[in-house]
Amino acid sequence: MHEMGLMEDALQMVSEDAEKRGIERVDKISLIVGDLSNVLPDALRFAFEAFRQTEEIPRISTHTCLEIIKERGLARCVLCGKEYEPTEYLALCPDCDMPFGVIQSGETFKIESYEGS
Ligand SMILES: [Zn+2]
C-alpha cells in the first residue's frame with residue numbers, strides 16, 4: 001500500500017511548513033487526488049488515521065482532519081479532439097475507438113492547502 005508512504009510524506013511536508021509559520025497545531029489538510037493518480041482515497045484515509053492516532057508527526061494529531069478533493073480524469077483524443085472521461089489509463093476514444101487519448105487531468109496528487117493555529 002504505497003498510500004502509507006505518500007501520506008507520511010504529505011504530513012511531514014505540512015508539519016515542516018507549519019513549523020516555519022509558527023503554527024502549533026494543524027486542524028485540517030486538503031489533498032487533491034486525481035482519478036488516474038493511482039492513489040486510492042480509502043487507503044489514504046486509512047493511512048491518515050494511523051498517523052494522526054500515533055501522533056508521531058509533530059503538529060498532526062487527532063484534532064487534525066483530512067479533506068480529499070477528487071479530480072476527475074479527462075482525456076482528449078489527438079485524432080478528433082474529443083474530450084472524454086477515460087475508464088482506464090489507456091482509454092479508447094469513444095468516437096474513433098483509437099487509444100490516442102492524451103490525459104488532460106486526473107493524475108494529480110498534491111497538497112491543496114492546510115489550516116492551523
Ligand atoms: Zn477520437
# chains A, B, ... in the order shown; residues from 1 in each chain; ligands from 1
call {"tool": "residues_around", "arguments": {"residues": "Leu11 of chain A", "least_positions_apart": "3", "cutoff": "12 Å", "atoms": "only C-alpha atoms", "output": "PyMOL selection string"}}
result
chain A and resi 3-8+14-18+26+28-31+44+47-52+55-61+64-66+110-111+113-114
call {"tool": "write_last_selection", "arguments": {"atoms": "N, CA and C atoms", "output": "mmCIF file, in the first residue's frame"}}
result
data_model
loop_
_atom_site.group_PDB
_atom_site.id
_atom_site.type_symbol
_atom_site.label_atom_id
_atom_site.label_comp_id
_atom_site.auth_asym_id
_atom_site.auth_seq_id
_atom_site.Cartn_x
_atom_site.Cartn_y
_atom_site.Cartn_z
ATOM 1 N N GLU A 3 0.100 4.224 -0.418
ATOM 2 C CA GLU A 3 -0.562 5.391 0.185
ATOM 3 C C GLU A 3 0.020 5.730 1.558
ATOM 4 N N MET A 4 0.515 4.712 2.263
ATOM 5 C CA MET A 4 1.118 4.941 3.581
ATOM 6 C C MET A 4 2.309 5.897 3.443
ATOM 7 N N GLY A 5 3.183 5.615 2.477
ATOM 8 C CA GLY A 5 4.360 6.458 2.261
ATOM 9 C C GLY A 5 3.986 7.834 1.738
ATOM 10 N N LEU A 6 3.005 7.869 0.819
ATOM 11 C CA LEU A 6 2.564 9.156 0.275
ATOM 12 C C LEU A 6 1.999 10.039 1.380
ATOM 13 N N MET A 7 1.196 9.421 2.237
ATOM 14 C CA MET A 7 0.585 10.185 3.317
ATOM 15 C C MET A 7 1.629 10.653 4.314
ATOM 16 N N GLU A 8 2.594 9.808 4.601
ATOM 17 C CA GLU A 8 3.654 10.210 5.522
ATOM 18 C C GLU A 8 4.418 11.411 4.956
ATOM 19 N N VAL A 14 3.628 19.174 5.462
ATOM 20 C CA VAL A 14 2.720 20.107 6.145
ATOM 21 C C VAL A 14 3.291 20.470 7.514
ATOM 22 N N SER A 15 3.766 19.468 8.224
ATOM 23 C CA SER A 15 4.290 19.686 9.570
ATOM 24 C C SER A 15 5.487 20.647 9.543
ATOM 25 N N GLU A 16 6.383 20.443 8.591
ATOM 26 C CA GLU A 16 7.568 21.303 8.495
ATOM 27 C C GLU A 16 7.194 22.723 8.082
ATOM 28 N N ASP A 17 6.259 22.825 7.152
ATOM 29 C CA ASP A 17 5.815 24.149 6.723
ATOM 30 C C ASP A 17 5.124 24.886 7.875
ATOM 31 N N ALA A 18 4.314 24.148 8.617
ATOM 32 C CA ALA A 18 3.598 24.740 9.749
ATOM 33 C C ALA A 18 4.594 25.240 10.804
ATOM 34 N N VAL A 26 -2.120 21.621 13.411
ATOM 35 C CA VAL A 26 -2.768 21.629 12.102
ATOM 36 C C VAL A 26 -4.178 21.066 12.285
ATOM 37 N N LYS A 28 -6.694 21.091 9.696
ATOM 38 C CA LYS A 28 -7.294 20.499 8.503
ATOM 39 C C LYS A 28 -6.291 20.483 7.362
ATOM 40 N N ILE A 29 -6.272 19.382 6.637
ATOM 41 C CA ILE A 29 -5.403 19.259 5.469
ATOM 42 C C ILE A 29 -6.288 18.887 4.273
ATOM 43 N N SER A 30 -6.110 19.605 3.167
ATOM 44 C CA SER A 30 -6.864 19.289 1.951
ATOM 45 C C SER A 30 -5.920 18.759 0.886
ATOM 46 N N LEU A 31 -6.248 17.607 0.373
ATOM 47 C CA LEU A 31 -5.444 16.989 -0.680
ATOM 48 C C LEU A 31 -6.269 16.883 -1.952
ATOM 49 N N LEU A 44 -5.743 6.209 1.558
ATOM 50 C CA LEU A 44 -5.186 7.454 2.114
ATOM 51 C C LEU A 44 -5.817 7.761 3.465
ATOM 52 N N ALA A 47 -4.426 5.485 6.076
ATOM 53 C CA ALA A 47 -3.063 5.884 6.451
ATOM 54 C C ALA A 47 -3.098 7.126 7.330
ATOM 55 N N PHE A 48 -3.936 8.084 6.936
ATOM 56 C CA PHE A 48 -4.047 9.322 7.708
ATOM 57 C C PHE A 48 -4.474 9.024 9.146
ATOM 58 N N GLU A 49 -5.476 8.156 9.262
ATOM 59 C CA GLU A 49 -5.987 7.786 10.580
ATOM 60 C C GLU A 49 -4.867 7.190 11.442
ATOM 61 N N ALA A 50 -4.073 6.335 10.833
ATOM 62 C CA ALA A 50 -2.973 5.696 11.568
ATOM 63 C C ALA A 50 -1.969 6.738 12.063
ATOM 64 N N PHE A 51 -1.616 7.683 11.184
ATOM 65 C CA PHE A 51 -0.613 8.691 11.578
ATOM 66 C C PHE A 51 -1.143 9.661 12.630
ATOM 67 N N ARG A 52 -2.431 10.035 12.510
ATOM 68 C CA ARG A 52 -2.900 11.012 13.481
ATOM 69 C C ARG A 52 -3.126 10.373 14.855
ATOM 70 N N GLU A 55 0.372 10.038 16.520
ATOM 71 C CA GLU A 55 0.947 11.363 16.802
ATOM 72 C C GLU A 55 2.464 11.373 16.677
ATOM 73 N N GLU A 56 2.981 10.593 15.745
ATOM 74 C CA GLU A 56 4.430 10.558 15.590
ATOM 75 C C GLU A 56 4.952 11.711 14.731
ATOM 76 N N ILE A 57 4.051 12.379 14.017
ATOM 77 C CA ILE A 57 4.461 13.543 13.239
ATOM 78 C C ILE A 57 4.014 14.796 13.992
ATOM 79 N N PRO A 58 4.961 15.671 14.343
ATOM 80 C CA PRO A 58 4.608 16.853 15.137
ATOM 81 C C PRO A 58 3.491 17.684 14.497
ATOM 82 N N ARG A 59 2.629 18.237 15.325
ATOM 83 C CA ARG A 59 1.546 19.118 14.905
ATOM 84 C C ARG A 59 0.375 18.406 14.211
ATOM 85 N N ILE A 60 0.534 17.096 13.978
ATOM 86 C CA ILE A 60 -0.561 16.310 13.390
ATOM 87 C C ILE A 60 -1.053 15.359 14.485
ATOM 88 N N SER A 61 -2.306 15.500 14.870
ATOM 89 C CA SER A 61 -2.824 14.569 15.879
ATOM 90 C C SER A 61 -4.323 14.386 15.677
ATOM 91 N N THR A 64 -6.618 16.863 13.962
ATOM 92 C CA THR A 64 -6.418 17.171 12.543
ATOM 93 C C THR A 64 -7.430 16.385 11.707
ATOM 94 N N CYS A 65 -8.053 17.056 10.760
ATOM 95 C CA CYS A 65 -8.943 16.298 9.872
ATOM 96 C C CYS A 65 -8.464 16.395 8.427
ATOM 97 N N LEU A 66 -8.953 15.488 7.638
ATOM 98 C CA LEU A 66 -8.487 15.342 6.263
ATOM 99 C C LEU A 66 -9.637 15.564 5.289
ATOM 100 N N LYS A 110 -1.623 16.068 -4.772
ATOM 101 C CA LYS A 110 -0.891 17.152 -4.132
ATOM 102 C C LYS A 110 -1.651 17.719 -2.941
ATOM 103 N N ILE A 111 -0.899 18.459 -2.161
ATOM 104 C CA ILE A 111 -1.499 19.144 -1.019
ATOM 105 C C ILE A 111 -2.086 20.451 -1.557
ATOM 106 N N SER A 113 -4.064 22.651 0.402
ATOM 107 C CA SER A 113 -3.918 23.661 1.443
ATOM 108 C C SER A 113 -3.985 22.995 2.805
ATOM 109 N N TYR A 114 -3.689 23.781 3.823
ATOM 110 C CA TYR A 114 -3.942 23.294 5.190
ATOM 111 C C TYR A 114 -4.257 24.484 6.071
#
call {"tool": "residues_around", "arguments": {"residues": "Glu85 of chain A", "least_positions_apart": "3", "cutoff": "10 Å", "atoms": "only C-alpha atoms", "output": "PyMOL selection string"}}
result
chain A and resi 35+72-76+88+91-94+101+103-106
call {"tool": "residues_near_ligand", "arguments": {"ligand": "ligand 1", "cutoff": "7 Å", "atoms": "only C-alpha atoms and all ligand atoms", "output": "list of chain:residue names"}}
result
A:Cys77, A:Val78, A:Leu79, A:Cys80, A:Gly81, A:Lys82, A:Cys93, A:Pro94, A:Asp95, A:Cys96, A:Asp97, A:Met98
call {"tool": "select_by_dssp", "arguments": {"residues": "segment 18-111 of chain A", "states": "alpha helix (DSSP H)", "output": "ChimeraX atom specification"}}
result
/A:18-20,41-54
call {"tool": "select_by_dssp", "arguments": {"residues": "chain A", "states": "strand (DSSP E or B)", "output": "PyMOL selection string"}}
result
chain A and resi 26-34+65-71+74-77+83-84+101-105+109-116
